[in-house]
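Asker: See start35.cif below, with mmCIF, N, CA and C atoms.
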```cif
data_run
#
loop_
_atom_site.label_atom_id
_atom_site.label_comp_id
_atom_site.auth_asym_id
_atom_site.auth_seq_id
_atom_site.Cartn_x
_atom_site.Cartn_y
_atom_site.Cartn_z
N MET I 275 28.40 7.84 83.44
CA MET I 275 27.67 6.61 83.62
C MET I 275 26.18 6.88 83.46
N ASN I 276 25.54 6.15 82.59
CA ASN I 276 24.12 6.34 82.33
C ASN I 276 23.31 5.42 83.24
N ARG I 277 22.44 5.99 84.02
CA ARG I 277 21.58 5.21 84.90
C ARG I 277 20.14 5.42 84.49
N THR I 278 19.31 4.44 84.71
CA THR I 278 17.92 4.53 84.26
C THR I 278 17.16 5.64 84.95
N ALA I 279 17.52 6.01 86.16
CA ALA I 279 16.80 7.05 86.90
C ALA I 279 17.26 8.46 86.53
N THR I 280 18.34 8.58 85.77
CA THR I 280 18.89 9.89 85.46
C THR I 280 17.87 10.81 84.80
N ALA I 281 17.18 10.33 83.78
CA ALA I 281 16.20 11.16 83.07
C ALA I 281 15.04 11.54 84.00
N THR I 282 14.63 10.63 84.86
CA THR I 282 13.54 10.92 85.80
C THR I 282 13.96 12.02 86.76
N ILE I 283 15.16 11.92 87.29
CA ILE I 283 15.66 12.94 88.22
C ILE I 283 15.79 14.28 87.51
N LEU I 284 16.29 14.29 86.29
CA LEU I 284 16.38 15.54 85.52
C LEU I 284 14.99 16.12 85.27
N GLY I 285 14.00 15.27 85.05
CA GLY I 285 12.63 15.73 84.87
C GLY I 285 12.08 16.39 86.12
N TYR I 286 12.36 15.79 87.28
CA TYR I 286 11.94 16.40 88.55
C TYR I 286 12.65 17.74 88.77
N ASN I 287 13.92 17.80 88.43
CA ASN I 287 14.65 19.07 88.54
C ASN I 287 14.05 20.13 87.63
N TYR I 288 13.68 19.75 86.42
CA TYR I 288 13.06 20.69 85.48
C TYR I 288 11.75 21.22 86.05
N GLN I 289 10.92 20.33 86.58
CA GLN I 289 9.65 20.73 87.19
C GLN I 289 9.90 21.60 88.42
N PHE I 290 10.87 21.24 89.24
CA PHE I 290 11.20 22.01 90.43
C PHE I 290 11.64 23.43 90.05
N ASN I 291 12.52 23.54 89.06
CA ASN I 291 13.01 24.86 88.62
C ASN I 291 11.87 25.72 88.08
N LYS I 292 10.96 25.13 87.33
CA LYS I 292 9.80 25.88 86.82
C LYS I 292 8.93 26.33 87.98
N SER I 293 8.75 25.49 88.97
CA SER I 293 7.94 25.84 90.14
C SER I 293 8.56 27.01 90.90
N ILE I 294 9.86 26.94 91.13
CA ILE I 294 10.56 28.02 91.84
C ILE I 294 10.45 29.33 91.07
N LYS I 295 10.60 29.28 89.76
CA LYS I 295 10.49 30.49 88.94
C LYS I 295 9.10 31.11 89.08
N GLU I 296 8.05 30.28 89.03
CA GLU I 296 6.69 30.79 89.17
C GLU I 296 6.44 31.36 90.57
N ILE I 297 6.96 30.71 91.60
CA ILE I 297 6.80 31.20 92.97
C ILE I 297 7.48 32.56 93.12
N LEU I 298 8.68 32.70 92.60
CA LEU I 298 9.41 33.97 92.71
C LEU I 298 8.74 35.10 91.94
N ASN I 299 8.05 34.77 90.86
CA ASN I 299 7.37 35.80 90.05
C ASN I 299 5.95 36.10 90.52
N ALA I 300 5.45 35.34 91.47
CA ALA I 300 4.06 35.50 91.92
C ALA I 300 3.94 36.69 92.88
N ASP I 301 2.75 37.28 92.89
CA ASP I 301 2.49 38.34 93.87
C ASP I 301 1.85 37.73 95.13
N ALA I 302 1.60 38.57 96.10
CA ALA I 302 1.10 38.10 97.41
C ALA I 302 -0.29 37.47 97.33
N ASN I 303 -1.07 37.79 96.31
CA ASN I 303 -2.43 37.27 96.17
C ASN I 303 -2.51 35.98 95.36
N THR I 304 -1.38 35.49 94.94
CA THR I 304 -1.34 34.28 94.10
C THR I 304 -1.07 33.06 94.97
N LYS I 305 -1.85 32.04 94.75
CA LYS I 305 -1.64 30.76 95.43
C LYS I 305 -1.06 29.78 94.42
N ILE I 306 0.00 29.10 94.80
CA ILE I 306 0.65 28.12 93.91
C ILE I 306 0.65 26.77 94.60
N MET I 307 0.19 25.76 93.88
CA MET I 307 0.15 24.41 94.42
C MET I 307 1.05 23.51 93.56
N VAL I 308 2.15 23.05 94.15
CA VAL I 308 3.04 22.13 93.46
C VAL I 308 2.42 20.74 93.55
N GLU I 309 2.50 19.98 92.47
CA GLU I 309 1.76 18.72 92.35
C GLU I 309 0.29 19.02 92.61
N GLY I 310 -0.21 19.95 91.81
CA GLY I 310 -1.55 20.47 91.99
C GLY I 310 -2.65 19.46 91.72
N SER I 311 -3.86 19.92 91.86
CA SER I 311 -5.00 19.04 91.64
C SER I 311 -5.26 18.82 90.15
N ASN I 312 -4.74 19.73 89.31
CA ASN I 312 -4.92 19.59 87.86
C ASN I 312 -3.67 19.08 87.16
N GLU I 313 -2.56 19.72 87.41
CA GLU I 313 -1.32 19.37 86.71
C GLU I 313 -0.15 19.42 87.69
N ASP I 314 1.09 19.44 87.16
CA ASP I 314 2.28 19.48 87.99
C ASP I 314 2.31 20.72 88.88
N LEU I 315 1.77 21.81 88.36
CA LEU I 315 1.81 23.08 89.06
C LEU I 315 0.53 23.84 88.75
N ASP I 316 -0.21 24.19 89.77
CA ASP I 316 -1.44 24.98 89.60
C ASP I 316 -1.21 26.36 90.20
N ILE I 317 -1.56 27.38 89.43
CA ILE I 317 -1.40 28.76 89.87
C ILE I 317 -2.79 29.39 89.92
N PHE I 318 -3.15 29.88 91.09
CA PHE I 318 -4.47 30.48 91.29
C PHE I 318 -4.31 31.98 91.55
N THR I 319 -4.85 32.81 90.66
CA THR I 319 -4.87 34.25 90.87
C THR I 319 -6.32 34.67 91.05
N GLN I 320 -6.53 35.94 91.28
CA GLN I 320 -7.90 36.44 91.42
C GLN I 320 -8.66 36.29 90.11
N ASP I 321 -7.97 36.36 88.98
CA ASP I 321 -8.60 36.35 87.67
C ASP I 321 -8.69 35.00 87.00
N LYS I 322 -7.74 34.10 87.30
CA LYS I 322 -7.68 32.87 86.52
C LYS I 322 -6.93 31.77 87.27
N THR I 323 -7.06 30.57 86.72
CA THR I 323 -6.31 29.42 87.18
C THR I 323 -5.46 28.94 86.00
N ILE I 324 -4.19 28.73 86.26
CA ILE I 324 -3.28 28.22 85.23
C ILE I 324 -2.76 26.87 85.70
N ALA I 325 -2.89 25.86 84.87
CA ALA I 325 -2.39 24.52 85.18
C ALA I 325 -1.20 24.26 84.26
N ILE I 326 -0.06 23.98 84.86
CA ILE I 326 1.18 23.79 84.11
C ILE I 326 1.64 22.34 84.21
N GLN I 327 1.93 21.77 83.06
CA GLN I 327 2.50 20.43 82.97
C GLN I 327 3.93 20.59 82.46
N CYS I 328 4.88 19.93 83.12
CA CYS I 328 6.29 19.98 82.73
C CYS I 328 6.71 18.59 82.25
N LYS I 329 7.35 18.55 81.10
CA LYS I 329 7.86 17.28 80.56
C LYS I 329 9.33 17.45 80.22
N TYR I 330 10.10 16.42 80.46
CA TYR I 330 11.53 16.44 80.20
C TYR I 330 11.86 15.26 79.29
N TYR I 331 12.28 15.56 78.07
CA TYR I 331 12.63 14.53 77.08
C TYR I 331 14.07 14.73 76.65
N GLU I 332 14.99 14.09 77.33
CA GLU I 332 16.40 14.23 77.02
C GLU I 332 16.74 13.58 75.68
N SER I 333 16.04 12.52 75.31
CA SER I 333 16.39 11.80 74.09
C SER I 333 15.72 12.37 72.84
N SER I 334 14.70 13.20 73.01
CA SER I 334 14.00 13.75 71.86
C SER I 334 14.70 15.01 71.35
N GLU I 335 14.92 15.05 70.05
CA GLU I 335 15.56 16.22 69.45
C GLU I 335 14.54 17.19 68.87
N ASN I 336 13.30 16.76 68.72
CA ASN I 336 12.25 17.68 68.27
C ASN I 336 10.91 17.16 68.77
N LEU I 337 9.94 18.02 68.69
CA LEU I 337 8.61 17.65 69.16
C LEU I 337 7.83 16.99 68.03
N THR I 338 7.25 15.86 68.34
CA THR I 338 6.45 15.14 67.37
C THR I 338 5.07 14.91 67.98
N PRO I 339 4.08 14.64 67.15
CA PRO I 339 2.75 14.34 67.71
C PRO I 339 2.77 13.20 68.72
N SER I 340 3.61 12.20 68.52
CA SER I 340 3.64 11.08 69.46
C SER I 340 4.21 11.50 70.82
N VAL I 341 5.15 12.45 70.83
CA VAL I 341 5.70 12.97 72.08
C VAL I 341 4.67 13.83 72.79
N LEU I 342 3.91 14.60 72.05
CA LEU I 342 2.96 15.54 72.61
C LEU I 342 1.60 14.93 72.96
N ALA I 343 1.29 13.77 72.40
CA ALA I 343 -0.06 13.21 72.52
C ALA I 343 -0.53 13.05 73.96
N LYS I 344 0.21 12.35 74.79
CA LYS I 344 -0.28 12.06 76.14
C LYS I 344 -0.48 13.33 76.96
N PRO I 345 0.50 14.25 77.06
CA PRO I 345 0.24 15.43 77.88
C PRO I 345 -0.91 16.29 77.35
N ILE I 346 -1.04 16.38 76.04
CA ILE I 346 -2.13 17.19 75.47
C ILE I 346 -3.48 16.52 75.71
N LEU I 347 -3.55 15.22 75.56
CA LEU I 347 -4.81 14.51 75.83
C LEU I 347 -5.18 14.61 77.31
N ASP I 348 -4.18 14.51 78.19
CA ASP I 348 -4.46 14.68 79.63
C ASP I 348 -5.03 16.06 79.91
N MET I 349 -4.45 17.08 79.28
CA MET I 349 -4.94 18.45 79.47
C MET I 349 -6.34 18.62 78.89
N LEU I 350 -6.60 17.99 77.77
CA LEU I 350 -7.93 18.07 77.16
C LEU I 350 -8.99 17.47 78.09
N ILE I 351 -8.68 16.35 78.72
CA ILE I 351 -9.62 15.74 79.65
C ILE I 351 -9.89 16.70 80.82
N SER I 352 -8.83 17.30 81.36
CA SER I 352 -9.00 18.27 82.45
C SER I 352 -9.83 19.46 81.99
N TYR I 353 -9.61 19.90 80.74
CA TYR I 353 -10.36 21.03 80.21
C TYR I 353 -11.85 20.69 80.07
N ILE I 354 -12.15 19.47 79.65
CA ILE I 354 -13.55 19.04 79.52
C ILE I 354 -14.22 19.10 80.88
N GLU I 355 -13.48 18.75 81.93
CA GLU I 355 -14.04 18.75 83.28
C GLU I 355 -14.15 20.16 83.87
N ASN I 356 -13.26 21.08 83.44
CA ASN I 356 -13.28 22.44 83.98
C ASN I 356 -12.73 23.41 82.94
N LYS I 357 -13.62 24.06 82.22
CA LYS I 357 -13.23 24.95 81.12
C LYS I 357 -12.69 26.30 81.59
N ASP I 358 -12.67 26.54 82.91
CA ASP I 358 -12.16 27.80 83.43
C ASP I 358 -10.66 27.78 83.67
N ILE I 359 -10.00 26.70 83.33
CA ILE I 359 -8.56 26.56 83.55
C ILE I 359 -7.80 26.88 82.27
N ASN I 360 -6.72 27.64 82.41
CA ASN I 360 -5.80 27.89 81.30
C ASN I 360 -4.65 26.89 81.44
N PHE I 361 -4.33 26.19 80.36
CA PHE I 361 -3.31 25.16 80.40
C PHE I 361 -2.04 25.61 79.69
N ARG I 362 -0.91 25.22 80.27
CA ARG I 362 0.39 25.46 79.66
C ARG I 362 1.21 24.19 79.77
N LEU I 363 1.91 23.88 78.70
CA LEU I 363 2.77 22.71 78.66
C LEU I 363 4.20 23.19 78.41
N TYR I 364 5.09 22.89 79.34
CA TYR I 364 6.50 23.23 79.21
C TYR I 364 7.27 21.94 78.97
N ILE I 365 8.06 21.94 77.90
CA ILE I 365 8.79 20.73 77.52
C ILE I 365 10.26 21.07 77.31
N HIS I 366 11.10 20.27 77.93
CA HIS I 366 12.54 20.34 77.63
C HIS I 366 12.84 19.18 76.70
N TYR I 367 13.54 19.48 75.62
CA TYR I 367 14.00 18.39 74.78
C TYR I 367 15.43 18.67 74.34
N LYS I 368 16.08 17.65 73.92
CA LYS I 368 17.52 17.62 73.68
C LYS I 368 18.04 18.80 72.86
N ASN I 369 19.11 19.37 73.34
CA ASN I 369 19.89 20.42 72.65
C ASN I 369 19.14 21.73 72.43
N VAL I 370 18.05 21.97 73.12
CA VAL I 370 17.36 23.25 73.01
C VAL I 370 17.82 24.11 74.18
N VAL I 371 18.43 25.24 73.86
CA VAL I 371 19.02 26.09 74.89
C VAL I 371 18.11 27.26 75.23
N THR I 372 17.47 27.83 74.24
CA THR I 372 16.63 29.01 74.48
C THR I 372 15.16 28.61 74.52
N GLU I 373 14.39 29.36 75.27
CA GLU I 373 12.95 29.09 75.38
C GLU I 373 12.25 29.49 74.10
N GLN I 374 11.37 28.64 73.64
CA GLN I 374 10.57 28.90 72.45
C GLN I 374 9.11 28.73 72.80
N LYS I 375 8.27 29.58 72.24
CA LYS I 375 6.83 29.49 72.46
C LYS I 375 6.19 28.93 71.21
N GLU I 376 5.35 27.95 71.40
CA GLU I 376 4.61 27.36 70.29
C GLU I 376 3.13 27.31 70.66
N SER I 377 2.29 27.52 69.71
CA SER I 377 0.86 27.37 69.94
C SER I 377 0.41 26.04 69.37
N LEU I 378 -0.58 25.47 70.01
CA LEU I 378 -1.16 24.23 69.52
C LEU I 378 -2.05 24.58 68.34
N ASP I 379 -1.68 24.11 67.17
CA ASP I 379 -2.50 24.42 66.00
C ASP I 379 -3.44 23.26 65.70
N VAL I 380 -4.43 23.54 64.90
CA VAL I 380 -5.48 22.56 64.58
C VAL I 380 -4.89 21.33 63.90
N SER I 381 -3.91 21.52 63.03
CA SER I 381 -3.32 20.40 62.32
C SER I 381 -2.66 19.41 63.28
N LEU I 382 -1.87 19.93 64.22
CA LEU I 382 -1.22 19.06 65.20
C LEU I 382 -2.25 18.37 66.09
N PHE I 383 -3.24 19.13 66.52
CA PHE I 383 -4.28 18.56 67.37
C PHE I 383 -5.03 17.45 66.64
N ASN I 384 -5.36 17.65 65.38
CA ASN I 384 -6.04 16.61 64.60
C ASN I 384 -5.17 15.38 64.43
N THR I 385 -3.87 15.58 64.25
CA THR I 385 -2.94 14.45 64.13
C THR I 385 -2.95 13.63 65.41
N ILE I 386 -2.94 14.31 66.56
CA ILE I 386 -2.98 13.61 67.84
C ILE I 386 -4.29 12.82 67.97
N LEU I 387 -5.40 13.41 67.57
CA LEU I 387 -6.69 12.74 67.69
C LEU I 387 -6.85 11.58 66.71
N GLU I 388 -6.02 11.51 65.69
CA GLU I 388 -6.07 10.41 64.72
C GLU I 388 -5.20 9.24 65.13
N THR I 389 -4.74 9.23 66.37
CA THR I 389 -3.83 8.18 66.84
C THR I 389 -4.45 6.79 66.70
N ASN I 390 -3.60 5.83 66.47
CA ASN I 390 -4.01 4.42 66.46
C ASN I 390 -3.55 3.72 67.73
N ASN I 391 -3.00 4.47 68.67
CA ASN I 391 -2.55 3.92 69.94
C ASN I 391 -3.78 3.45 70.72
N LYS I 392 -3.93 2.14 70.83
CA LYS I 392 -5.15 1.57 71.42
C LYS I 392 -5.33 1.98 72.87
N SER I 393 -4.25 2.10 73.62
CA SER I 393 -4.41 2.49 75.02
C SER I 393 -4.91 3.93 75.13
N TYR I 394 -4.50 4.81 74.22
CA TYR I 394 -5.01 6.19 74.22
C TYR I 394 -6.47 6.22 73.82
N VAL I 395 -6.83 5.42 72.81
CA VAL I 395 -8.22 5.38 72.35
C VAL I 395 -9.12 4.90 73.49
N LYS I 396 -8.71 3.86 74.21
CA LYS I 396 -9.52 3.33 75.31
C LYS I 396 -9.62 4.32 76.47
N LYS I 397 -8.51 4.98 76.78
CA LYS I 397 -8.48 5.85 77.95
C LYS I 397 -9.14 7.20 77.70
N TYR I 398 -8.84 7.83 76.57
CA TYR I 398 -9.24 9.22 76.35
C TYR I 398 -10.52 9.39 75.53
N PHE I 399 -10.69 8.61 74.51
CA PHE I 399 -11.76 8.88 73.55
C PHE I 399 -13.17 8.75 74.11
N PRO I 400 -13.43 7.82 75.06
CA PRO I 400 -14.79 7.80 75.64
C PRO I 400 -15.14 9.09 76.39
N ILE I 401 -14.15 9.80 76.85
CA ILE I 401 -14.39 11.07 77.55
C ILE I 401 -14.47 12.23 76.56
N ILE I 402 -13.65 12.19 75.52
CA ILE I 402 -13.59 13.28 74.54
C ILE I 402 -14.81 13.25 73.63
N TYR I 403 -15.20 12.07 73.19
CA TYR I 403 -16.29 11.93 72.23
C TYR I 403 -17.54 11.37 72.90
N SER I 404 -18.70 11.76 72.40
CA SER I 404 -19.95 11.18 72.89
C SER I 404 -20.32 10.01 71.99
N PHE I 405 -20.72 8.91 72.61
CA PHE I 405 -21.12 7.72 71.88
C PHE I 405 -22.53 7.34 72.31
N ASN I 406 -23.28 6.75 71.41
CA ASN I 406 -24.60 6.22 71.77
C ASN I 406 -24.40 4.99 72.67
N ASP I 407 -25.25 4.83 73.64
CA ASP I 407 -25.14 3.71 74.55
C ASP I 407 -25.42 2.38 73.88
N ASP I 408 -26.13 2.38 72.75
CA ASP I 408 -26.49 1.12 72.10
C ASP I 408 -25.42 0.61 71.14
N LEU I 409 -24.23 1.23 71.11
CA LEU I 409 -23.15 0.73 70.25
C LEU I 409 -22.60 -0.56 70.81
N ASN I 410 -22.33 -1.53 69.95
CA ASN I 410 -21.73 -2.81 70.39
C ASN I 410 -20.34 -2.93 69.86
#
```
Show me the file's structure as C-alpha cells.
Answerer:
Amino acid sequence: MNRTATATILGYNYQFNKSIKEILNADANTKIMVEGSNEDLDIFTQDKTIAIQCKYYESSENLTPSVLAKPILDMLISYIENKDINFRLYIHYKNVVTEQKESLDVSLFNTILETNNKSYVKKYFPIIYSFNDDLN
C-alpha cells in the first residue's frame, strides 16, 4: 500500500542511518550535531567543520540538475555565509545499491545557475549575485 508519508519516513530513516554511521566512526574529540545549524548533520573536528545534507528520492532513477538544484543552492548560500565549512551531499535514488562518489563539476553547476525556476531566482540569486541598488 502506497501512502504519501512513506517517502518522507524513508528519507528520515536514510538521514538517521547516515547520522548513526558518522557517530560510530567519530573519535572522542568530534562533536556531531543532528539537525545541525548548517545542514542535516554537522560534524565538528579540531581541523574542520563538515555539513552533510541527506536527500532521499525514491522515484528518481538518476540525478538531474533539477533534482540537485535546491540542495546545492542551499549549500552555496551557507558557503557564502561561512567559507570554512566543507559540504557533502548524500542522495539516495531509485535502484542504486552501491555507494558512488561524484564531484560537482562546473558544467553541472552552471546548468543549475541557469535555472528559469522563478522561486529559485527570487530566493537564491539576490544572495549569490551582487546587484546595483538602482536597478528597477
Asker: List the neighbours of segment 276-292 of chain I out to 6 Å using only C-alpha atoms; skip same-chain residues closer than 2 positions along the sequence, and give me the result as a VMD selection string.
Answerer: chain I and resid 294 to 295 328 330
Asker: Take atom C of Ser293 of chain I and atom CA of Tyr331 of chain I and report the distance between them in Å, one decimal.
Answerer: 19.1 Å
Asker: Can you tell me which residues surround Gly310 of chain I at a distance of at most 12 Å, considering only C-alpha atoms, apart from same-chain residues fewer than 2 positions away, and format the answer as a compact mmCIF listing (two decimals) with N, CA and C atoms, in the frame of the given file?
Answerer:
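And here's result_11.txt as it stands now:
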```txt
# COMPACT_ATOMS: atom_id res chain seq x y z
N SER I 293 8.75 25.49 88.97
CA SER I 293 7.94 25.84 90.14
C SER I 293 8.56 27.01 90.90
N LYS I 305 -1.85 32.04 94.75
CA LYS I 305 -1.64 30.76 95.43
C LYS I 305 -1.06 29.78 94.42
N ILE I 306 0.00 29.10 94.80
CA ILE I 306 0.65 28.12 93.91
C ILE I 306 0.65 26.77 94.60
N MET I 307 0.19 25.76 93.88
CA MET I 307 0.15 24.41 94.42
C MET I 307 1.05 23.51 93.56
N VAL I 308 2.15 23.05 94.15
CA VAL I 308 3.04 22.13 93.46
C VAL I 308 2.42 20.74 93.55
N ASN I 312 -4.74 19.73 89.31
CA ASN I 312 -4.92 19.59 87.86
C ASN I 312 -3.67 19.08 87.16
N GLU I 313 -2.56 19.72 87.41
CA GLU I 313 -1.32 19.37 86.71
C GLU I 313 -0.15 19.42 87.69
N ASP I 314 1.09 19.44 87.16
CA ASP I 314 2.28 19.48 87.99
C ASP I 314 2.31 20.72 88.88
N LEU I 315 1.77 21.81 88.36
CA LEU I 315 1.81 23.08 89.06
C LEU I 315 0.53 23.84 88.75
N ASP I 316 -0.21 24.19 89.77
CA ASP I 316 -1.44 24.98 89.60
C ASP I 316 -1.21 26.36 90.20
N ILE I 317 -1.56 27.38 89.43
CA ILE I 317 -1.40 28.76 89.87
C ILE I 317 -2.79 29.39 89.92
N PHE I 318 -3.15 29.88 91.09
CA PHE I 318 -4.47 30.48 91.29
C PHE I 318 -4.31 31.98 91.55
N THR I 323 -7.06 30.57 86.72
CA THR I 323 -6.31 29.42 87.18
C THR I 323 -5.46 28.94 86.00
N ILE I 324 -4.19 28.73 86.26
CA ILE I 324 -3.28 28.22 85.23
C ILE I 324 -2.76 26.87 85.70
N ALA I 325 -2.89 25.86 84.87
CA ALA I 325 -2.39 24.52 85.18
C ALA I 325 -1.20 24.26 84.26
N ILE I 326 -0.06 23.98 84.86
CA ILE I 326 1.18 23.79 84.11
C ILE I 326 1.64 22.34 84.21
N GLN I 327 1.93 21.77 83.06
CA GLN I 327 2.50 20.43 82.97
C GLN I 327 3.93 20.59 82.46
```
Asker: Name the residues that the PyMOL selection byres (((chain I and resi 389-398 and name CA) around 8) and name CA) picks from the file above, as a PyMOL selection string, using the file's chain letters and numbers.
Answerer: chain I and resi 344+347-348+351+385-388+399-402
Asker: Go through I:Asn356, I:Asn299, I:Leu342, I:Asn369 one by one, measure the shortest atom-to-atom distance of each to Lys329 of chain I using only C-alpha atoms, and give the residue with the smallest value.
Answerer: I:Leu342
Asker: Suppose you want the space between atom CA of Ile297 of chain I and atom CA of Asp379 of chain I; what is it in Å?
Answerer: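 Those two atoms sit 29.3 Å apart.
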Asker: Using DSSP on the backbone coordinates, identify all residues within segment 276-378 of chain I classified as strand (DSSP E or B); present the result as number ranges by chain.
Answerer: I: 305-308, 315-318, 323-331, 359-367
Asker: Quick one, how far is atom CA of His366 of chain I from atom N of Thr338 of chain I?
Answerer: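 Those two atoms sit 11.6 Å apart.
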Asker: Give me every alpha helix (DSSP H) residue in segment 292-388 of chain I, going by DSSP on the backbone, as a ChimeraX atom specification.
Answerer: /I:292-299,339-355,380-387
Asker: When you get a chance, write out N, CA, C and O atoms for segment 314-329 of chain I, as a PDB file, in the frame of the given file.
Answerer:
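What ended up in rebuild_16.pdb:
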```
ATOM      1  N   ASP I 314       1.090  19.440  87.160  1.00  0.00           N
ATOM      2  CA  ASP I 314       2.280  19.480  87.990  1.00  0.00           C
ATOM      3  C   ASP I 314       2.310  20.720  88.880  1.00  0.00           C
ATOM      4  O   ASP I 314       2.805  20.687  89.996  1.00  0.00           O
ATOM      5  N   LEU I 315       1.770  21.810  88.360  1.00  0.00           N
ATOM      6  CA  LEU I 315       1.810  23.080  89.060  1.00  0.00           C
ATOM      7  C   LEU I 315       0.530  23.840  88.750  1.00  0.00           C
ATOM      8  O   LEU I 315       0.204  24.044  87.588  1.00  0.00           O
ATOM      9  N   ASP I 316      -0.210  24.190  89.770  1.00  0.00           N
ATOM     10  CA  ASP I 316      -1.440  24.980  89.600  1.00  0.00           C
ATOM     11  C   ASP I 316      -1.210  26.360  90.200  1.00  0.00           C
ATOM     12  O   ASP I 316      -0.723  26.482  91.324  1.00  0.00           O
ATOM     13  N   ILE I 317      -1.560  27.380  89.430  1.00  0.00           N
ATOM     14  CA  ILE I 317      -1.400  28.760  89.870  1.00  0.00           C
ATOM     15  C   ILE I 317      -2.790  29.390  89.920  1.00  0.00           C
ATOM     16  O   ILE I 317      -3.506  29.410  88.915  1.00  0.00           O
ATOM     17  N   PHE I 318      -3.150  29.880  91.090  1.00  0.00           N
ATOM     18  CA  PHE I 318      -4.470  30.480  91.290  1.00  0.00           C
ATOM     19  C   PHE I 318      -4.310  31.980  91.550  1.00  0.00           C
ATOM     20  O   PHE I 318      -3.676  32.369  92.528  1.00  0.00           O
ATOM     21  N   THR I 319      -4.850  32.810  90.660  1.00  0.00           N
ATOM     22  CA  THR I 319      -4.870  34.250  90.870  1.00  0.00           C
ATOM     23  C   THR I 319      -6.320  34.670  91.050  1.00  0.00           C
ATOM     24  O   THR I 319      -7.229  33.848  90.946  1.00  0.00           O
ATOM     25  N   GLN I 320      -6.530  35.940  91.280  1.00  0.00           N
ATOM     26  CA  GLN I 320      -7.900  36.440  91.420  1.00  0.00           C
ATOM     27  C   GLN I 320      -8.660  36.290  90.110  1.00  0.00           C
ATOM     28  O   GLN I 320      -9.879  36.122  90.113  1.00  0.00           O
ATOM     29  N   ASP I 321      -7.970  36.360  88.980  1.00  0.00           N
ATOM     30  CA  ASP I 321      -8.600  36.350  87.670  1.00  0.00           C
ATOM     31  C   ASP I 321      -8.690  35.000  87.000  1.00  0.00           C
ATOM     32  O   ASP I 321      -9.561  34.757  86.169  1.00  0.00           O
ATOM     33  N   LYS I 322      -7.740  34.100  87.300  1.00  0.00           N
ATOM     34  CA  LYS I 322      -7.680  32.870  86.520  1.00  0.00           C
ATOM     35  C   LYS I 322      -6.930  31.770  87.270  1.00  0.00           C
ATOM     36  O   LYS I 322      -6.257  32.014  88.269  1.00  0.00           O
ATOM     37  N   THR I 323      -7.060  30.570  86.720  1.00  0.00           N
ATOM     38  CA  THR I 323      -6.310  29.420  87.180  1.00  0.00           C
ATOM     39  C   THR I 323      -5.460  28.940  86.000  1.00  0.00           C
ATOM     40  O   THR I 323      -5.974  28.770  84.895  1.00  0.00           O
ATOM     41  N   ILE I 324      -4.190  28.730  86.260  1.00  0.00           N
ATOM     42  CA  ILE I 324      -3.280  28.220  85.230  1.00  0.00           C
ATOM     43  C   ILE I 324      -2.760  26.870  85.700  1.00  0.00           C
ATOM     44  O   ILE I 324      -2.253  26.751  86.825  1.00  0.00           O
ATOM     45  N   ALA I 325      -2.890  25.860  84.870  1.00  0.00           N
ATOM     46  CA  ALA I 325      -2.390  24.520  85.180  1.00  0.00           C
ATOM     47  C   ALA I 325      -1.200  24.260  84.260  1.00  0.00           C
ATOM     48  O   ALA I 325      -1.320  24.339  83.042  1.00  0.00           O
ATOM     49  N   ILE I 326      -0.060  23.980  84.860  1.00  0.00           N
ATOM     50  CA  ILE I 326       1.180  23.790  84.110  1.00  0.00           C
ATOM     51  C   ILE I 326       1.640  22.340  84.210  1.00  0.00           C
ATOM     52  O   ILE I 326       1.715  21.773  85.294  1.00  0.00           O
ATOM     53  N   GLN I 327       1.930  21.770  83.060  1.00  0.00           N
ATOM     54  CA  GLN I 327       2.500  20.430  82.970  1.00  0.00           C
ATOM     55  C   GLN I 327       3.930  20.590  82.460  1.00  0.00           C
ATOM     56  O   GLN I 327       4.178  21.310  81.498  1.00  0.00           O
ATOM     57  N   CYS I 328       4.880  19.930  83.120  1.00  0.00           N
ATOM     58  CA  CYS I 328       6.290  19.980  82.730  1.00  0.00           C
ATOM     59  C   CYS I 328       6.710  18.590  82.250  1.00  0.00           C
ATOM     60  O   CYS I 328       6.454  17.596  82.932  1.00  0.00           O
ATOM     61  N   LYS I 329       7.350  18.550  81.100  1.00  0.00           N
ATOM     62  CA  LYS I 329       7.860  17.280  80.560  1.00  0.00           C
ATOM     63  C   LYS I 329       9.330  17.450  80.220  1.00  0.00           C
ATOM     64  O   LYS I 329       9.745  18.489  79.697  1.00  0.00           O
TER      65      LYS I 329
END
```
